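S.K.: Please read through the structure below; I'll follow up with questions.
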There are 2 protein chains.
Amino acid sequence: MDKIDLGPNGFVYPMPITLIGADLAAGPNFMPVAWVNRVQPNPPRLVTGMGKVHATNSGIREHGEFGVSIPSVEQVTVTDWCGLNSANRDADKASLFTVFRGTLEHAPMIAECALCLECRVWQVVDLGSHELFIADIVGTWTEERFLDSNGKPDITLMHPFMLTMPDNRYWAVGEQIADAWSVGRTFER
Amino acid sequence: MDKIDLGPNGFVYPMPITLIGADLAAGPNFMPVAWVNRVQPNPPRLVTGMGKVHATNSGIREHGEFGVSIPSVEQVTVTDWCGLNSANRDADKASLFTVFRGTLEHAPMIAECALCLECRVWQVVDLGSHELFIADIVGTWTEERFLDSNGKPDITLMHPFMLTMPDNRYWAVGEQIADAWSVGRTFER
């Protein structure tokens with residue numbers, strides 16, 4: 001076997017890019033985060049691992065609420081800019097977007113994004129340099145134009161993008177290759 | 001604003017497909033899991049949210065170790081089959097693959113997958129129906145043929161695939177659209 005060990009700093013391939021929004025004293029702020037995913041169907045929960053030093057973390061800790069907005073390929077430059085700049089260094093990111101809110105008071109979301117989740121923190125786990133926010137999803141905000149004929153969000157209309165690390169590249173979504181919980185029925189040993 | 005609320009059961013787009021391996025009494029077992037992601041750089045940690053009823057969960061709980069193997073587009077049918085069948089109903093999934101191990105005794109991985117992570121559980125959070133395994137990554141196993149000229153795993157050589165829910169579709173990775181922590185420097189308001 002020709003396997004080699006690259007050490008402990010491995011990644012999953014690929015990771016979805018989101019813009020996580022929180023309210024700071026100066027107003028809403030947004031930070032690109034790829035380390036986010038669902039973890040439970042019901043009650044619907046997601047997690048995100050974020051460095052404690054970030055301004056966004058302090059806003060989430062203060063209010064216990066945050067928004068997850070999914071930017072599109074067309075928004076890659078402004079999204080990356082939000083990661084290169086910090087509210088801790090006076091960057092005003094909210095002015096780049098149309099900010100909206102759902103039912104929660106402190107979960108700012110981005111109207112220009114095709115799909116946004118408003119979240120309430122359920123539990124925080126201290127990981128070390130980062131903290132893990134485990135949150136209940138309260139609302140899923142989108143528009144009719146991003147739904148398929150069954151009323152479900154259609155990724156081919158949303159154009160989200162993904163990240164790979166440690167090569168630090170962004171990727172578009174490619175072709176549909178199969179249906180899940182379905183194509184496996186055709187498997188033959 | 002034309003935003004509509006689809007309710008609390010929203011997802012991120014898209015989610016990476018992995019095969020999580022654990023040792024059961026009958027031998028190694030593998031289960032497709034899309035709810036997995038990195039959460040901390042150092043020590044390198046990842047999380048996965050998995051339903052407690054799964055056979056794989058019981059193996060992880062018993063040994064505190066598991067493997068994360070990343071299947072390719074070419075493996076979509078066997079991967080989906082692993083999700084349609086359960087070791088709890090006597091499905092033998094290990095016989096479909098060449099199983100290998102790194103330094104941990106109970107983190108089975110799949111040699112036919114381009115990249116595999118061996119993981120040791122650091123903490124378990126009870127979410128309700130699911131449990132969240134927070135784990136330290138111990139090793140990252142790949143082959144020279146999947147590395148780029150800088151010695152980093154190259155997604156264009158690995159061919160991983162992704163899941164969207166609730167439409168339950170699998171997707172290939174598309175084109176590179178930009179470099180991360182880079183393209184934002186060209187942003188002009």
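Identifiers for the structure tokens are assigned positionally: chains receive A, B, ... in sequence, residues are indexed from 1 per chain, and ligands are indexed from 1 in the order shown.
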Residues of chain B within 6 Å of chain A, using only C-alpha atoms, as a PyMOL selection string?

M.R.: chain B and resi 3-10+14+16+35+37-40+44+49+77+80-81+130+137-143+168-180+183-184+187

S.K.: Find the residues near Thr98 of chain B: any atom within 10 Å, counting only C-alpha atoms, skip ones fewer than 5 places away on the same chain, and give them as a list of chain:residue names.

M.R.: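 Here the answer would be B:Pro108, B:Met109, B:Ile110, B:Ala111, B:Glu112, B:Cys113.
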
S.K.: With a distance cut-off of 8 Å and only C-alpha atoms, select the neighbouring residues of Lys93 of chain B, excluding the residue or stretch itself and same-chain residues fewer than 5 positions from it, and output the selection as a list of chain:residue names.

M.R.: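 The neighbour list is B:Pro28, B:Asn29, B:Phe30, B:Cys82, B:Ala87.
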
S.K.: Next, write the just-selected residues to a file, as a PDB file, in the first residue's frame, keeping all heavy atoms as the atom set.

M.R.:
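Saved to out.pdb:
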```pdb
ATOM      1  N   PRO B  28     -14.962  -4.081  11.162  1.00  0.00           N
ATOM      2  CA  PRO B  28     -15.099  -2.671  10.780  1.00  0.00           C
ATOM      3  C   PRO B  28     -16.385  -2.425   9.993  1.00  0.00           C
ATOM      4  O   PRO B  28     -16.864  -3.295   9.260  1.00  0.00           O
ATOM      5  CB  PRO B  28     -13.860  -2.400   9.926  1.00  0.00           C
ATOM      6  CG  PRO B  28     -13.289  -3.724   9.568  1.00  0.00           C
ATOM      7  CD  PRO B  28     -13.764  -4.701  10.590  1.00  0.00           C
ATOM      8  N   ASN B  29     -16.932  -1.223  10.154  1.00  0.00           N
ATOM      9  CA  ASN B  29     -18.175  -0.841   9.484  1.00  0.00           C
ATOM     10  C   ASN B  29     -18.026   0.577   8.959  1.00  0.00           C
ATOM     11  O   ASN B  29     -17.281   1.386   9.515  1.00  0.00           O
ATOM     12  CB  ASN B  29     -19.337  -0.928  10.486  1.00  0.00           C
ATOM     13  CG  ASN B  29     -20.685  -0.715   9.822  1.00  0.00           C
ATOM     14  OD1 ASN B  29     -21.020  -1.418   8.877  1.00  0.00           O
ATOM     15  ND2 ASN B  29     -21.440   0.259  10.293  1.00  0.00           N
ATOM     16  N   PHE B  30     -18.749   0.877   7.880  1.00  0.00           N
ATOM     17  CA  PHE B  30     -18.636   2.206   7.263  1.00  0.00           C
ATOM     18  C   PHE B  30     -20.013   2.775   6.962  1.00  0.00           C
ATOM     19  O   PHE B  30     -20.888   2.076   6.459  1.00  0.00           O
ATOM     20  CB  PHE B  30     -17.816   2.114   5.968  1.00  0.00           C
ATOM     21  CG  PHE B  30     -16.407   1.683   6.203  1.00  0.00           C
ATOM     22  CD1 PHE B  30     -16.037   0.347   6.055  1.00  0.00           C
ATOM     23  CD2 PHE B  30     -15.457   2.601   6.603  1.00  0.00           C
ATOM     24  CE1 PHE B  30     -14.727  -0.063   6.296  1.00  0.00           C
ATOM     25  CE2 PHE B  30     -14.143   2.206   6.843  1.00  0.00           C
ATOM     26  CZ  PHE B  30     -13.783   0.868   6.694  1.00  0.00           C
ATOM     27  N   CYS B  82     -24.049   1.920   1.099  1.00  0.00           N
ATOM     28  CA  CYS B  82     -23.685   1.854   2.527  1.00  0.00           C
ATOM     29  C   CYS B  82     -24.667   2.639   3.393  1.00  0.00           C
ATOM     30  O   CYS B  82     -24.836   2.331   4.573  1.00  0.00           O
ATOM     31  CB  CYS B  82     -22.266   2.379   2.746  1.00  0.00           C
ATOM     32  SG  CYS B  82     -20.971   1.244   2.181  1.00  0.00           S
ATOM     33  N   ALA B  87     -25.334  -2.267   9.379  1.00  0.00           N
ATOM     34  CA  ALA B  87     -24.741  -3.395  10.101  1.00  0.00           C
ATOM     35  C   ALA B  87     -25.711  -3.930  11.141  1.00  0.00           C
ATOM     36  O   ALA B  87     -25.627  -5.099  11.524  1.00  0.00           O
ATOM     37  CB  ALA B  87     -23.428  -2.965  10.762  1.00  0.00           C
TER      38      ALA B  87
END
```

S.K.: If you run DSSP on this backbone, which residues of segment 131-170 of chain A come out as strand (DSSP E), and could you give them as a list in words?

M.R.: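 Strand (DSSP E) members of segment 131-170 of chain A, listed: Glu131, Leu132, Phe133, Ile134, Ala135, Asp136, Ile137, Val138, Gly139, Thr140, Trp141, Thr142, Phe161, Met162, Leu163, Thr164, Arg169 and Tyr170 of chain A.
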
S.K.: Give me the residues near Ala25 of chain B as a PyMOL selection string, where near means some atom within 12 Å (using only C-alpha atoms) and where sequence neighbours in that chain fewer than 2 positions away do not count.

M.R.: chain B and resi 22-23+27-29+55-56+58-60+62-63+87-88+90+106

S.K.: Which residue out of B:Leu147, B:Leu157, B:Leu19, B:Ala107 has the minimum interatomic distance to Gly64 of chain B when only C-alpha atoms are used?

M.R.: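 Smallest distance to Gly64 of chain B is found for B:Ala107.
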
S.K.: Would you mind writing down, as a PDB file with N, CA, C and O atoms, in the first residue's frame, each residue of segment 144-180 of chain A that DSSP on the backbone assigns to alpha helix (DSSP H)?

M.R.:
```pdb
ATOM      1  N   ILE A 155     -29.823  24.227  -5.685  1.00  0.00           N
ATOM      2  CA  ILE A 155     -28.433  24.684  -5.682  1.00  0.00           C
ATOM      3  C   ILE A 155     -28.009  25.231  -7.047  1.00  0.00           C
ATOM      4  O   ILE A 155     -27.144  26.094  -7.129  1.00  0.00           O
ATOM      5  N   THR A 156     -28.640  24.760  -8.108  1.00  0.00           N
ATOM      6  CA  THR A 156     -28.268  25.252  -9.445  1.00  0.00           C
ATOM      7  C   THR A 156     -28.769  26.677  -9.680  1.00  0.00           C
ATOM      8  O   THR A 156     -28.308  27.349 -10.600  1.00  0.00           O
ATOM      9  N   LEU A 157     -29.683  27.140  -8.841  1.00  0.00           N
ATOM     10  CA  LEU A 157     -30.149  28.524  -8.917  1.00  0.00           C
ATOM     11  C   LEU A 157     -29.432  29.407  -7.901  1.00  0.00           C
ATOM     12  O   LEU A 157     -29.454  30.638  -8.026  1.00  0.00           O
ATOM     13  N   MET A 158     -28.800  28.795  -6.893  1.00  0.00           N
ATOM     14  CA  MET A 158     -28.177  29.546  -5.796  1.00  0.00           C
ATOM     15  C   MET A 158     -26.707  29.878  -6.044  1.00  0.00           C
ATOM     16  O   MET A 158     -26.200  30.869  -5.529  1.00  0.00           O
TER      17      MET A 158
END
```

S.K.: Would you mind reading off the distance between atom CA of Glu65 of chain B and atom CA of Asp126 of chain B, one decimal, in Å?

M.R.: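 Those two atoms sit 17.2 Å apart.
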